[in-house]
Amino acid sequence: MNDASSQAQGWRPATYYPDPAIRALDPRFEKYWLKLSAVERLATGLRWAEGPVWFGDGRYLLCSDIPNQRIIKWEEETGAVSVFRKPSNFANGNTRDRQGRLITCEHGGRRVVRTEYDGSITVLMDSFNGKRLNSPNDVVVKSDGSIWFTDPTFGLLGNYEGYKAEPEIEPNVYRLDPVSREAAIVAEGVLGPNGLCFSPDEKILYVVESRGQPNRKILAYDVSPDGTTISNKRVHIDAGPGTPDGMRCDIDGNLWCGWGMGDPELDGVVVFAPDGVMIGRIALPERCANLCFGGVKRNRLFMAASQSIYALYVNTQGALGG
């Protein structure tokens, strides 16, 4: 799976352990690598997989298939794949709030919505200061219940992942207060704000700058003690030729990042230690856009990669929230 020939031939599951698709780039990765676990492909046939989110109470995974206007559902117990929602309004990023409800970023509706327990949809935000949002991309929920999301223009660029339109507002990162429902810009001036997540202690917010020059970057901000603002913007990781998209933190503060751009040497997932050093890589035959932790013990990594969804058991757990 690590060379161009295997890439061209498509997905081939590992036939022995350890899976050659997994590599330690630093000794620190060894503790997270289960040598008797291999990458599995759970589903395929999507057009652009994004926004995986785990529902532990139902033991299923939801994942957006943006161009196909649907959210699909994969059931852990049976492996069954079905359509959870169609049309999805070009849904992209998903997460759950502190009450377990689904929070979704919609390109088509240019809004962030919540799915209630009865299946009805509540619009949480679709404009700011009288101007329509662009195309909300990725979303996380902090422990205080506040909703943080990015709003680049990607869904406005054509009619494949949204509806072509001119932006009315600059791309920003927003915080939606759980009590007042008031929204605030927490980060502006980010070039193509994309994936985001909090460190396990929620003292740091990471944001992917996907239009950074000359390379994509993962930015880091300090979160204020009251959890409402961020400061001290800095480059945490310069991605070089890599293309970080969505990401999540584990309980030790490592960043697990979707990666790649159609290059077999880049496609898959890379793992960064808290100090920003790349310590591990999971090669996939497709570019990975986003990921999440799930499973009974939150130790299964689910990877939304272009046309397929993959999974891998790891020796860590996803940090709560997000």
# chains A, B, ... in the order shown; residues from 1 in each chain; ligands from 1

$ residues_around --residues "region 162-178 of chain A" --least-positions-apart "6" --cutoff "8 Å" --atoms "only C-alpha atoms" --output "ChimeraX atom specification"
/A:67,89-90,107-108,131-135,144-153,155-156,184-193,228

$ write_last_selection --atoms "N, CA and C atoms" --output "short mmCIF file (atom, residue, chain, number, x, y, z; two decimals), in the first residue's frame"
data_model
loop_
_atom_site.label_atom_id
_atom_site.label_comp_id
_atom_site.auth_asym_id
_atom_site.auth_seq_id
_atom_site.Cartn_x
_atom_site.Cartn_y
_atom_site.Cartn_z
N PRO A 67 -20.91 15.44 -2.47
CA PRO A 67 -21.50 15.62 -3.80
C PRO A 67 -22.76 14.78 -4.02
N ASN A 89 -28.42 18.58 1.96
CA ASN A 89 -28.06 19.98 1.80
C ASN A 89 -26.53 20.14 1.71
N PHE A 90 -25.90 19.17 1.05
CA PHE A 90 -24.44 19.16 0.90
C PHE A 90 -23.75 19.23 2.26
N HIS A 107 -23.12 22.94 3.42
CA HIS A 107 -22.70 23.84 2.34
C HIS A 107 -23.92 24.43 1.64
N GLY A 108 -24.88 23.57 1.32
CA GLY A 108 -26.02 24.02 0.54
C GLY A 108 -26.87 25.05 1.25
N LYS A 131 -25.27 39.15 7.19
CA LYS A 131 -24.65 38.58 5.99
C LYS A 131 -24.66 37.06 6.07
N ARG A 132 -24.97 36.42 4.95
CA ARG A 132 -25.04 34.97 4.93
C ARG A 132 -23.66 34.37 5.16
N LEU A 133 -23.63 33.26 5.84
CA LEU A 133 -22.38 32.52 5.97
C LEU A 133 -21.97 32.00 4.59
N ASN A 134 -20.73 31.55 4.50
CA ASN A 134 -20.22 31.02 3.23
C ASN A 134 -20.63 29.56 3.06
N SER A 135 -19.84 28.66 3.61
CA SER A 135 -20.17 27.22 3.55
C SER A 135 -19.50 26.57 4.76
N ASP A 144 -18.21 23.23 27.54
CA ASP A 144 -19.22 24.16 28.05
C ASP A 144 -20.45 24.21 27.15
N GLY A 145 -20.45 23.42 26.07
CA GLY A 145 -21.58 23.38 25.16
C GLY A 145 -21.48 24.34 24.00
N SER A 146 -20.47 25.19 23.98
CA SER A 146 -20.33 26.13 22.87
C SER A 146 -19.92 25.39 21.60
N ILE A 147 -20.40 25.90 20.47
CA ILE A 147 -20.16 25.28 19.17
C ILE A 147 -19.17 26.15 18.39
N TRP A 148 -18.08 25.55 17.95
CA TRP A 148 -17.03 26.25 17.22
C TRP A 148 -16.96 25.67 15.81
N PHE A 149 -16.95 26.53 14.80
CA PHE A 149 -16.93 26.01 13.43
C PHE A 149 -16.17 26.96 12.49
N THR A 150 -15.71 26.38 11.39
CA THR A 150 -15.01 27.15 10.36
C THR A 150 -15.96 27.43 9.21
N ASP A 151 -15.70 28.53 8.50
CA ASP A 151 -16.61 28.94 7.43
C ASP A 151 -15.83 29.45 6.22
N PRO A 152 -15.16 28.56 5.49
CA PRO A 152 -14.48 28.97 4.26
C PRO A 152 -15.48 29.12 3.12
N THR A 153 -14.97 29.37 1.92
CA THR A 153 -15.86 29.60 0.77
C THR A 153 -15.95 28.39 -0.15
N GLY A 155 -17.67 25.71 -0.55
CA GLY A 155 -18.95 25.28 -1.09
C GLY A 155 -19.59 26.26 -2.05
N LEU A 156 -19.00 27.45 -2.17
CA LEU A 156 -19.54 28.47 -3.08
C LEU A 156 -18.82 28.48 -4.42
N ALA A 184 -20.00 34.81 17.77
CA ALA A 184 -18.87 35.73 17.77
C ALA A 184 -17.77 35.17 16.88
N ILE A 185 -17.07 36.05 16.19
CA ILE A 185 -15.90 35.65 15.43
C ILE A 185 -14.76 35.48 16.42
N VAL A 186 -14.16 34.30 16.45
CA VAL A 186 -13.02 34.07 17.35
C VAL A 186 -11.70 34.13 16.61
N ALA A 187 -11.72 33.90 15.29
CA ALA A 187 -10.49 33.99 14.50
C ALA A 187 -10.83 34.50 13.11
N GLU A 188 -10.15 35.54 12.69
CA GLU A 188 -10.30 36.04 11.33
C GLU A 188 -8.92 36.12 10.70
N GLY A 189 -8.90 36.28 9.40
CA GLY A 189 -7.62 36.35 8.71
C GLY A 189 -6.97 34.99 8.48
N VAL A 190 -7.71 33.91 8.73
CA VAL A 190 -7.20 32.57 8.44
C VAL A 190 -7.49 32.26 6.97
N LEU A 191 -6.48 31.87 6.23
CA LEU A 191 -6.63 31.62 4.81
C LEU A 191 -7.23 30.23 4.58
N GLY A 192 -8.51 30.20 4.32
CA GLY A 192 -9.19 28.92 4.10
C GLY A 192 -9.31 28.11 5.38
N PRO A 193 -9.98 28.62 6.42
CA PRO A 193 -10.12 27.85 7.67
C PRO A 193 -10.86 26.55 7.41
N THR A 228 -14.10 31.66 25.96
CA THR A 228 -14.89 32.39 24.97
C THR A 228 -14.06 33.03 23.87
#

$ closest_atom_pairs --of "region 191-262 of chain A" --to "region 51-58 of chain A" --cutoff "12 Å" --atoms "only C-alpha atoms" --output "Markdown table"
| residue | atom | partner | partner_atom | distance |
| --- | --- | --- | --- | --- |
| A:Asn194 | CA | A:Gly51 | CA | 11.6 |
| A:Gly195 | CA | A:Gly51 | CA | 9.8 |
| A:Leu196 | CA | A:Gly51 | CA | 11.7 |
| A:Asp245 | CA | A:Gly51 | CA | 10.6 |
| A:Gly246 | CA | A:Gly51 | CA | 8.1 |
| A:Met247 | CA | A:Gly51 | CA | 10.2 |
| A:Arg248 | CA | A:Pro52 | CA | 11.0 |
| A:Gly258 | CA | A:Gly51 | CA | 11.1 |

$ closest_residue --among "A:Asp126, A:Glu116, A:Asp26, A:Glu106" --to "Phe154 (chain A)" --atoms "only C-alpha atoms"
A:Glu106

$ atom_distance --atom1 "CA of Phe128 (chain A)" --atom2 "CA of Ser143 (chain A)"
23.6 Å

$ select_by_dssp --residues "region 151-217 of chain A" --states "strand (DSSP E or B)" --output "PyMOL selection string"
chain A and resi 151+172-176+183-188+193-198+204-209+217

$ write_last_selection --atoms "C-alpha atoms" --output "tab-separated table (two decimals), in the first residue's frame"
chain	number	residue	atom	x	y	z
A	151	ASP	CA	-16.61	28.94	7.43
A	172	ASN	CA	-13.86	33.16	9.75
A	173	VAL	CA	-13.89	30.83	12.71
A	174	TYR	CA	-16.98	31.27	14.91
A	175	ARG	CA	-18.11	30.45	18.42
A	176	LEU	CA	-21.81	30.00	19.11
A	183	ALA	CA	-22.30	34.16	17.72
A	184	ALA	CA	-18.87	35.73	17.77
A	185	ILE	CA	-15.90	35.65	15.43
A	186	VAL	CA	-13.02	34.07	17.35
A	187	ALA	CA	-10.49	33.99	14.50
A	188	GLU	CA	-10.30	36.04	11.33
A	193	PRO	CA	-10.12	27.85	7.67
A	194	ASN	CA	-10.85	24.14	7.58
A	195	GLY	CA	-10.53	21.39	10.21
A	196	LEU	CA	-10.39	22.29	13.89
A	197	CYS	CA	-10.16	20.60	17.27
A	198	PHE	CA	-9.29	21.28	20.88
A	204	ILE	CA	-5.43	25.10	22.79
A	205	LEU	CA	-7.54	25.35	19.65
A	206	TYR	CA	-6.01	23.94	16.47
A	207	VAL	CA	-7.19	25.21	13.06
A	208	VAL	CA	-6.10	24.04	9.62
A	209	GLU	CA	-5.21	26.93	7.31
A	217	LYS	CA	-0.50	24.99	8.08

$ atom_distance --atom1 "CA of Leu320 (chain A)" --atom2 "CA of Tyr221 (chain A)"
19.1 Å
